[in-house]
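**Student:** Have a look at this one.
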Amino acid sequence: MKILVCISNVPDTTSKINFTEGDTKFDTNGVQFVINPNDEFGLTRAMWFKEKQGATVHVATVGGSQTEPTIRKALAIGADEAIRIDAEPTDGFFVARQLAEVVKNGSYDLVIAGRESIDYNGGMVPGILATLLDMNFVNTCISLEVDGTNAKAIREIDGGKETIETSLPLVIGGQKGLVEESDLRIPNMRGIMMARKKALNVVAATDAPALTSDQKFEKPAAKGPVKLVDAGNIDELVSLLHNEAKVI
């Protein structure tokens, strides 16, 4: 089985976010970038397929040279090869088009992507990718088993879980539950040294339009002061909720 794990290069959740050029551009100065958490769950699941079923695991990302430390980490975790599509990831459709070319050229059986990235939370790339490739698709996937060309997946739905039986080739949008946080792997020194010898292939982007563009960013409004009300003063609490907070 040949697996491609799609990796997004995203800001660490502890990073302080700012914007420049009249709030139209994201300011990357001083920001630490990491593997998108939903993608990291998928990468760890791919490692299990590699270790237990002999799968070959490649990783791919769309981005400039600044993303290479992130995909080098994926190699250090255990991926066999990395591919960087040399282009700015302008929107979900553009990214999916680039990844679709990689999948076509690599003849992958299973494509694992995160259900969404934690920066823009678009949640569109896995579905668009499956459509472009005419492959089976399971989103919000929290469990995946593969036996030959048959796959059994469990996905989250409103109010419960759904078990699906399908077949390869397959695209999934994974999330926490595919593996648990305690299963995530930290590269050790041996993995880091081996990653330096693994192939990191840079390929040119295919010609594809960006169908959307960012016009302006705006931070959430600062939280207002907190007003404390004595536990026994229910009338005052109701009045404040009605007249000031206007939530009742």
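In the structure tokens, the first chain shown is A, the next is B, and so on; residue numbers restart at 1 for each chain, and ligands run from 1 in the order shown.
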As a PyMOL selection string, please: every residue in segment 14-170 of chain A that DSSP puts in strand (DSSP E).
**Tutor:** chain A and resi 18-20+25-27+33-35+56-62+81-86+110-114+136-147+150-157+160-167+170
**Student:** Could you pull the residues within 6 Å of segment 3-18 of chain A, counting only C-alpha atoms, minus those fewer than 6 positions along the same chain, as a ChimeraX atom specification?
**Tutor:** /A:27,31-36,39,57-61,108,110-113
**Student:** Taking the DSSP assignment computed from this structure's backbone, write out as a PDB file with C-alpha atoms, in the first residue's frame all residues of segment 66-119 of chain A that belong to helix (DSSP H, G or I).
**Tutor:**
ATOM      1  CA  GLN A  66      10.120  28.121   4.690  1.00  0.00           C
ATOM      2  CA  THR A  67       7.906  25.016   5.043  1.00  0.00           C
ATOM      3  CA  GLU A  68      10.815  22.577   4.750  1.00  0.00           C
ATOM      4  CA  PRO A  69      11.545  22.329   8.510  1.00  0.00           C
ATOM      5  CA  THR A  70       7.958  21.154   8.974  1.00  0.00           C
ATOM      6  CA  ILE A  71       8.139  18.425   6.359  1.00  0.00           C
ATOM      7  CA  ARG A  72      11.625  17.470   7.568  1.00  0.00           C
ATOM      8  CA  LYS A  73       9.962  16.793  10.925  1.00  0.00           C
ATOM      9  CA  ALA A  74       7.503  14.486   9.139  1.00  0.00           C
ATOM     10  CA  LEU A  75      10.471  12.631   7.649  1.00  0.00           C
ATOM     11  CA  ALA A  76      12.076  12.408  11.093  1.00  0.00           C
ATOM     12  CA  ILE A  77       8.858  10.908  12.468  1.00  0.00           C
ATOM     13  CA  GLY A  92      -8.282  25.478  -0.823  1.00  0.00           C
ATOM     14  CA  PHE A  93      -9.056  24.808  -4.468  1.00  0.00           C
ATOM     15  CA  PHE A  94      -5.556  25.762  -5.566  1.00  0.00           C
ATOM     16  CA  VAL A  95      -3.980  23.520  -2.900  1.00  0.00           C
ATOM     17  CA  ALA A  96      -6.227  20.587  -3.838  1.00  0.00           C
ATOM     18  CA  ARG A  97      -5.301  20.954  -7.518  1.00  0.00           C
ATOM     19  CA  GLN A  98      -1.596  20.814  -6.658  1.00  0.00           C
ATOM     20  CA  LEU A  99      -2.002  17.758  -4.431  1.00  0.00           C
ATOM     21  CA  ALA A 100      -4.148  16.029  -7.061  1.00  0.00           C
ATOM     22  CA  GLU A 101      -1.244  16.157  -9.528  1.00  0.00           C
ATOM     23  CA  VAL A 102       1.056  14.576  -6.936  1.00  0.00           C
ATOM     24  CA  VAL A 103      -1.452  11.776  -6.308  1.00  0.00           C
ATOM     25  CA  LYS A 104      -1.895  11.112 -10.031  1.00  0.00           C
ATOM     26  CA  ASN A 105       1.847  10.990 -10.652  1.00  0.00           C
ATOM     27  CA  GLY A 106       2.526   8.838  -7.590  1.00  0.00           C
TER      28      GLY A 106
END
**Student:** Name the closest residue to Gly148 of chain A among the candidates A:Lys227, A:Arg84, A:Lys2, A:Arg196; distances are taken between atoms, counting only C-alpha atoms.
**Tutor:**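 For Gly148 of chain A, the nearest of the candidates is A:Lys2.
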**Student:** Need to verify the contact set: Leu178 of chain A, 9 Å, only C-alpha atoms, exclusion of same-chain residues closer than 5 positions in sequence. Can you return it as JSON, numbers by chain?
**Tutor:** {"A": [41, 42, 44, 45, 141, 142, 143, 144, 154]}
**Student:** Write the residues of the preceding selection, restricted to C-alpha atoms, as a JSON list (two decimals), in the first residue's frame.
**Tutor:**
[["chain", "number", "residue", "atom", "x", "y", "z"],
["A", 41, "PHE", "CA", -2.92, 12.43, 13.62],
["A", 42, "GLY", "CA", -3.04, 11.18, 10.03],
["A", 44, "THR", "CA", 0.85, 8.79, 12.96],
["A", 45, "ARG", "CA", -1.86, 6.48, 11.58],
["A", 141, "CYS", "CA", -12.57, 10.12, 10.11],
["A", 142, "ILE", "CA", -11.69, 8.83, 13.62],
["A", 143, "SER", "CA", -10.79, 5.22, 12.80],
["A", 144, "LEU", "CA", -9.38, 3.49, 9.73],
["A", 154, "ILE", "CA", -15.55, 5.29, 11.44]]
**Student:** Do you have the atom CA of Asp214 of chain A-atom CA of Thr24 of chain A distance handy?
**Tutor:**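 So the two atoms, atom CA of Asp214 of chain A and atom CA of Thr24 of chain A, lie 7.1 Å apart.
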**Student:** Mind checking which residues fall within 12 Å of Thr149 of chain A, counting only C-alpha atoms, ignoring those fewer than 6 positions away in the same chain, and posting them as a PDB file with all heavy atoms, in the first residue's frame?
**Tutor:**
ATOM      1  N   MET A   1       0.844  -1.196   0.000  1.00  0.00           N
ATOM      2  CA  MET A   1       0.000   0.000   0.000  1.00  0.00           C
ATOM      3  C   MET A   1       0.880   1.247   0.000  1.00  0.00           C
ATOM      4  O   MET A   1       1.837   1.342   0.766  1.00  0.00           O
ATOM      5  CB  MET A   1      -0.911  -0.012   1.239  1.00  0.00           C
ATOM      6  CG  MET A   1      -1.836   1.190   1.339  1.00  0.00           C
ATOM      7  SD  MET A   1      -3.152   0.992   2.569  1.00  0.00           S
ATOM      8  CE  MET A   1      -2.192   0.667   4.055  1.00  0.00           C
ATOM      9  N   LYS A   2       0.529   2.178  -0.831  1.00  0.00           N
ATOM     10  CA  LYS A   2       1.280   3.424  -0.950  1.00  0.00           C
ATOM     11  C   LYS A   2       0.412   4.565  -0.435  1.00  0.00           C
ATOM     12  O   LYS A   2      -0.697   4.779  -0.935  1.00  0.00           O
ATOM     13  CB  LYS A   2       1.678   3.652  -2.413  1.00  0.00           C
ATOM     14  CG  LYS A   2       2.742   4.725  -2.616  1.00  0.00           C
ATOM     15  CD  LYS A   2       3.178   4.776  -4.072  1.00  0.00           C
ATOM     16  CE  LYS A   2       4.247   5.842  -4.288  1.00  0.00           C
ATOM     17  NZ  LYS A   2       4.627   5.955  -5.707  1.00  0.00           N
ATOM     18  N   ASP A 109      -2.513   4.713  -3.150  1.00  0.00           N
ATOM     19  CA  ASP A 109      -3.719   3.952  -2.818  1.00  0.00           C
ATOM     20  C   ASP A 109      -4.564   4.667  -1.772  1.00  0.00           C
ATOM     21  O   ASP A 109      -5.789   4.571  -1.779  1.00  0.00           O
ATOM     22  CB  ASP A 109      -3.335   2.564  -2.267  1.00  0.00           C
ATOM     23  CG  ASP A 109      -2.450   1.803  -3.216  1.00  0.00           C
ATOM     24  OD1 ASP A 109      -2.911   1.487  -4.329  1.00  0.00           O
ATOM     25  OD2 ASP A 109      -1.281   1.525  -2.852  1.00  0.00           O
ATOM     26  N   LEU A 110      -3.895   5.355  -0.851  1.00  0.00           N
ATOM     27  CA  LEU A 110      -4.578   6.010   0.261  1.00  0.00           C
ATOM     28  C   LEU A 110      -4.003   7.406   0.440  1.00  0.00           C
ATOM     29  O   LEU A 110      -2.783   7.581   0.513  1.00  0.00           O
ATOM     30  CB  LEU A 110      -4.390   5.193   1.545  1.00  0.00           C
ATOM     31  CG  LEU A 110      -4.927   5.787   2.847  1.00  0.00           C
ATOM     32  CD1 LEU A 110      -6.444   5.959   2.784  1.00  0.00           C
ATOM     33  CD2 LEU A 110      -4.538   4.906   4.033  1.00  0.00           C
ATOM     34  N   GLU A 165     -17.911   1.021   5.183  1.00  0.00           N
ATOM     35  CA  GLU A 165     -17.041   0.093   4.466  1.00  0.00           C
ATOM     36  C   GLU A 165     -16.897   0.594   3.043  1.00  0.00           C
ATOM     37  O   GLU A 165     -17.887   0.896   2.376  1.00  0.00           O
ATOM     38  CB  GLU A 165     -17.612  -1.326   4.491  1.00  0.00           C
ATOM     39  CG  GLU A 165     -17.576  -1.958   5.879  1.00  0.00           C
ATOM     40  CD  GLU A 165     -18.004  -3.407   5.873  1.00  0.00           C
ATOM     41  OE1 GLU A 165     -18.424  -3.901   4.793  1.00  0.00           O
ATOM     42  OE2 GLU A 165     -17.924  -4.060   6.936  1.00  0.00           O
ATOM     43  N   THR A 166     -15.648   0.698   2.592  1.00  0.00           N
ATOM     44  CA  THR A 166     -15.387   1.220   1.252  1.00  0.00           C
ATOM     45  C   THR A 166     -14.165   0.508   0.695  1.00  0.00           C
ATOM     46  O   THR A 166     -13.760  -0.531   1.212  1.00  0.00           O
ATOM     47  CB  THR A 166     -15.191   2.749   1.304  1.00  0.00           C
ATOM     48  OG1 THR A 166     -15.025   3.255  -0.025  1.00  0.00           O
ATOM     49  CG2 THR A 166     -14.005   3.144   2.158  1.00  0.00           C
ATOM     50  N   SER A 167     -13.595   1.044  -0.350  1.00  0.00           N
ATOM     51  CA  SER A 167     -12.441   0.389  -0.972  1.00  0.00           C
ATOM     52  C   SER A 167     -11.422   1.430  -1.403  1.00  0.00           C
ATOM     53  O   SER A 167     -11.733   2.611  -1.559  1.00  0.00           O
ATOM     54  CB  SER A 167     -12.885  -0.447  -2.185  1.00  0.00           C
ATOM     55  OG  SER A 167     -13.510   0.378  -3.157  1.00  0.00           O
ATOM     56  N   LEU A 168     -10.206   0.981  -1.588  1.00  0.00           N
ATOM     57  CA  LEU A 168      -9.142   1.822  -2.115  1.00  0.00           C
ATOM     58  C   LEU A 168      -9.311   1.930  -3.630  1.00  0.00           C
ATOM     59  O   LEU A 168      -9.859   1.036  -4.254  1.00  0.00           O
ATOM     60  CB  LEU A 168      -7.781   1.223  -1.775  1.00  0.00           C
ATOM     61  CG  LEU A 168      -7.493   0.958  -0.292  1.00  0.00           C
ATOM     62  CD1 LEU A 168      -6.087   0.399  -0.132  1.00  0.00           C
ATOM     63  CD2 LEU A 168      -7.691   2.187   0.559  1.00  0.00           C
ATOM     64  N   PRO A 169      -8.861   3.038  -4.226  1.00  0.00           N
ATOM     65  CA  PRO A 169      -8.183   4.187  -3.619  1.00  0.00           C
ATOM     66  C   PRO A 169      -9.157   5.059  -2.839  1.00  0.00           C
ATOM     67  O   PRO A 169     -10.337   5.156  -3.180  1.00  0.00           O
ATOM     68  CB  PRO A 169      -7.600   4.927  -4.821  1.00  0.00           C
ATOM     69  CG  PRO A 169      -8.499   4.553  -5.968  1.00  0.00           C
ATOM     70  CD  PRO A 169      -8.931   3.148  -5.706  1.00  0.00           C
ATOM     71  N   LEU A 170      -8.623   5.705  -1.799  1.00  0.00           N
ATOM     72  CA  LEU A 170      -9.467   6.387  -0.836  1.00  0.00           C
ATOM     73  C   LEU A 170      -8.786   7.658  -0.339  1.00  0.00           C
ATOM     74  O   LEU A 170      -7.573   7.679  -0.137  1.00  0.00           O
ATOM     75  CB  LEU A 170      -9.726   5.449   0.351  1.00  0.00           C
ATOM     76  CG  LEU A 170     -10.438   6.008   1.577  1.00  0.00           C
ATOM     77  CD1 LEU A 170     -11.887   6.363   1.244  1.00  0.00           C
ATOM     78  CD2 LEU A 170     -10.388   4.980   2.714  1.00  0.00           C
TER      79      LEU A 170
END
**Student:** Pull the closest atom pair for each residue of segment 32-147 of chain A that gets at most 8 Å from segment 197-202 of chain A, along with the distance in Å to one decimal, counting only C-alpha atoms, ordering rows by chain and then ascending residue number, as a tab-separated table.
**Tutor:**
residue	atom	partner	partner_atom	distance
A:Leu75	CA	A:Lys198	CA	7.3
A:Asp80	CA	A:Lys198	CA	6.7
A:Glu81	CA	A:Ala199	CA	5.2
A:Ala82	CA	A:Leu200	CA	4.7
A:Ile83	CA	A:Asn201	CA	4.8
A:Arg84	CA	A:Val202	CA	4.8
A:Ile85	CA	A:Val202	CA	5.9
A:Asp86	CA	A:Val202	CA	6.4
**Student:** Let me see the file: selected residues, C-alpha atoms, as a PDB file, in the first residue's frame.
**Tutor:**
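Once written, selection-v8.pdb looks like this:
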ATOM      1  CA  LEU A  75      10.471  12.631   7.649  1.00  0.00           C
ATOM      2  CA  ASP A  80       9.939   7.681   3.604  1.00  0.00           C
ATOM      3  CA  GLU A  81       9.925  10.643   1.231  1.00  0.00           C
ATOM      4  CA  ALA A  82       8.691  14.231   1.062  1.00  0.00           C
ATOM      5  CA  ILE A  83       7.333  16.364  -1.769  1.00  0.00           C
ATOM      6  CA  ARG A  84       7.100  20.146  -1.664  1.00  0.00           C
ATOM      7  CA  ILE A  85       4.997  21.826  -4.334  1.00  0.00           C
ATOM      8  CA  ASP A  86       6.751  25.152  -4.802  1.00  0.00           C
TER       9      ASP A  86
END
**Student:** As an exercise, work out the distance from atom CA of Lys219 of chain A to atom CA of Met124 of chain A in Å and give it to one decimal place.
**Tutor:**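 Distance reported for this atom pair: 22.8 Å.
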**Student:** Measuring between only C-alpha atoms, which one of A:Ala231, A:Ile164, A:Ala79, A:Val179 shows the shortest distance to Ile192 of chain A?
**Tutor:** A:Ala79
**Student:** Need the shell around Ile172 of chain A: protein/DNA/RNA residues with any atom at most 6 Å away, counting only C-alpha atoms. Skip same-chain ones fewer than 4 positions apart. Format as a PyMOL selection string?
**Tutor:** chain A and resi 112+137-139
**Student:** Got a sec: who's within 12 Å of Glu21 of chain A, counting only C-alpha atoms, leaving out chain neighbours fewer than 4 positions off, as a list in words?
**Tutor:**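 These residues fall inside the cut-off: Lys25, Phe26, Asp27, Gln215, Lys216 and Phe217 of chain A.
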**Student:** With N, CA and C atoms retained, could you export that selection as an mmCIF file, in the first residue's frame?
**Tutor:**
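So out_24.cif came out as:
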data_model
loop_
_atom_site.group_PDB
_atom_site.id
_atom_site.type_symbol
_atom_site.label_atom_id
_atom_site.label_comp_id
_atom_site.auth_asym_id
_atom_site.auth_seq_id
_atom_site.Cartn_x
_atom_site.Cartn_y
_atom_site.Cartn_z
ATOM 1 N N LYS A 25 -2.614 41.257 5.312
ATOM 2 C CA LYS A 25 -1.608 40.202 5.238
ATOM 3 C C LYS A 25 -1.303 39.670 6.633
ATOM 4 N N PHE A 26 -1.080 38.354 6.705
ATOM 5 C CA PHE A 26 -0.701 37.725 7.960
ATOM 6 C C PHE A 26 0.778 37.993 8.225
ATOM 7 N N ASP A 27 1.100 38.441 9.424
ATOM 8 C CA ASP A 27 2.473 38.762 9.797
ATOM 9 C C ASP A 27 3.143 37.508 10.356
ATOM 10 N N GLN A 215 -9.450 39.377 1.708
ATOM 11 C CA GLN A 215 -9.612 40.821 1.579
ATOM 12 C C GLN A 215 -9.138 41.565 2.816
ATOM 13 N N LYS A 216 -9.451 41.030 3.984
ATOM 14 C CA LYS A 216 -9.075 41.707 5.217
ATOM 15 C C LYS A 216 -9.201 40.749 6.393
ATOM 16 N N PHE A 217 -8.317 40.913 7.368
ATOM 17 C CA PHE A 217 -8.378 40.131 8.599
ATOM 18 C C PHE A 217 -8.811 41.038 9.753
#
**Student:** Need to verify the contact set: Gln53 of chain A, 10 Å, only C-alpha atoms, exclusion of same-chain residues closer than 3 positions in sequence. Can you return it as an MDAnalysis selection string?
**Tutor:** chainID A and resid 1 47:50 56 146:148
**Student:** For the residues in the current selection, export C-alpha atoms as a short mmCIF file (atom, residue, chain, number, x, y, z; two decimals), in the first residue's frame.
**Tutor:**
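After the write, again10.cif holds the following:
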data_model
loop_
_atom_site.label_atom_id
_atom_site.label_comp_id
_atom_site.auth_asym_id
_atom_site.auth_seq_id
_atom_site.Cartn_x
_atom_site.Cartn_y
_atom_site.Cartn_z
CA MET A 1 0.00 0.00 0.00
CA MET A 47 3.18 5.12 10.48
CA TRP A 48 1.11 2.30 11.95
CA PHE A 49 0.25 1.08 8.46
CA LYS A 50 3.96 1.23 7.61
CA THR A 56 5.21 3.14 1.95
CA VAL A 146 -7.31 -1.46 5.67
CA ASP A 147 -7.34 -5.10 4.56
CA GLY A 148 -6.03 -5.50 1.03
#
**Student:** Check the smallest atom-to-atom distance from each of A:Asn29, A:Val125, A:Gly22, A:Glu40 to Ser182 of chain A using only C-alpha atoms, then report the winner.
**Tutor:**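 Smallest separation from Ser182 of chain A among the options: A:Glu40.
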**Student:** With distances taken over only C-alpha atoms, which of A:Phe19, A:Gly173, A:Thr140, A:Gly160 is nearest to Gly127 of chain A?
**Tutor:** A:Gly173
**Student:** Can you tell me how far atom CA of Gly224 of chain A sits from atom CA of Ser239 of chain A, in Å to one decimal?
**Tutor:**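 Rounded to one decimal, the two atoms are 18.1 Å apart.
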**Student:** Go through A:Asp23, A:Glu162, A:Val203, A:Leu43 one by one, measure the shortest atom-to-atom distance of each to Asp183 of chain A using only C-alpha atoms, and give the residue with the smallest value.
**Tutor:** A:Leu43
**Student:** So which one's closest to Lys161 of chain A, A:Lys246, A:Gly177, A:Ala208, A:Ala46? Using only C-alpha atoms, please.
**Tutor:**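 For Lys161 of chain A, the nearest of the given residues is A:Gly177.
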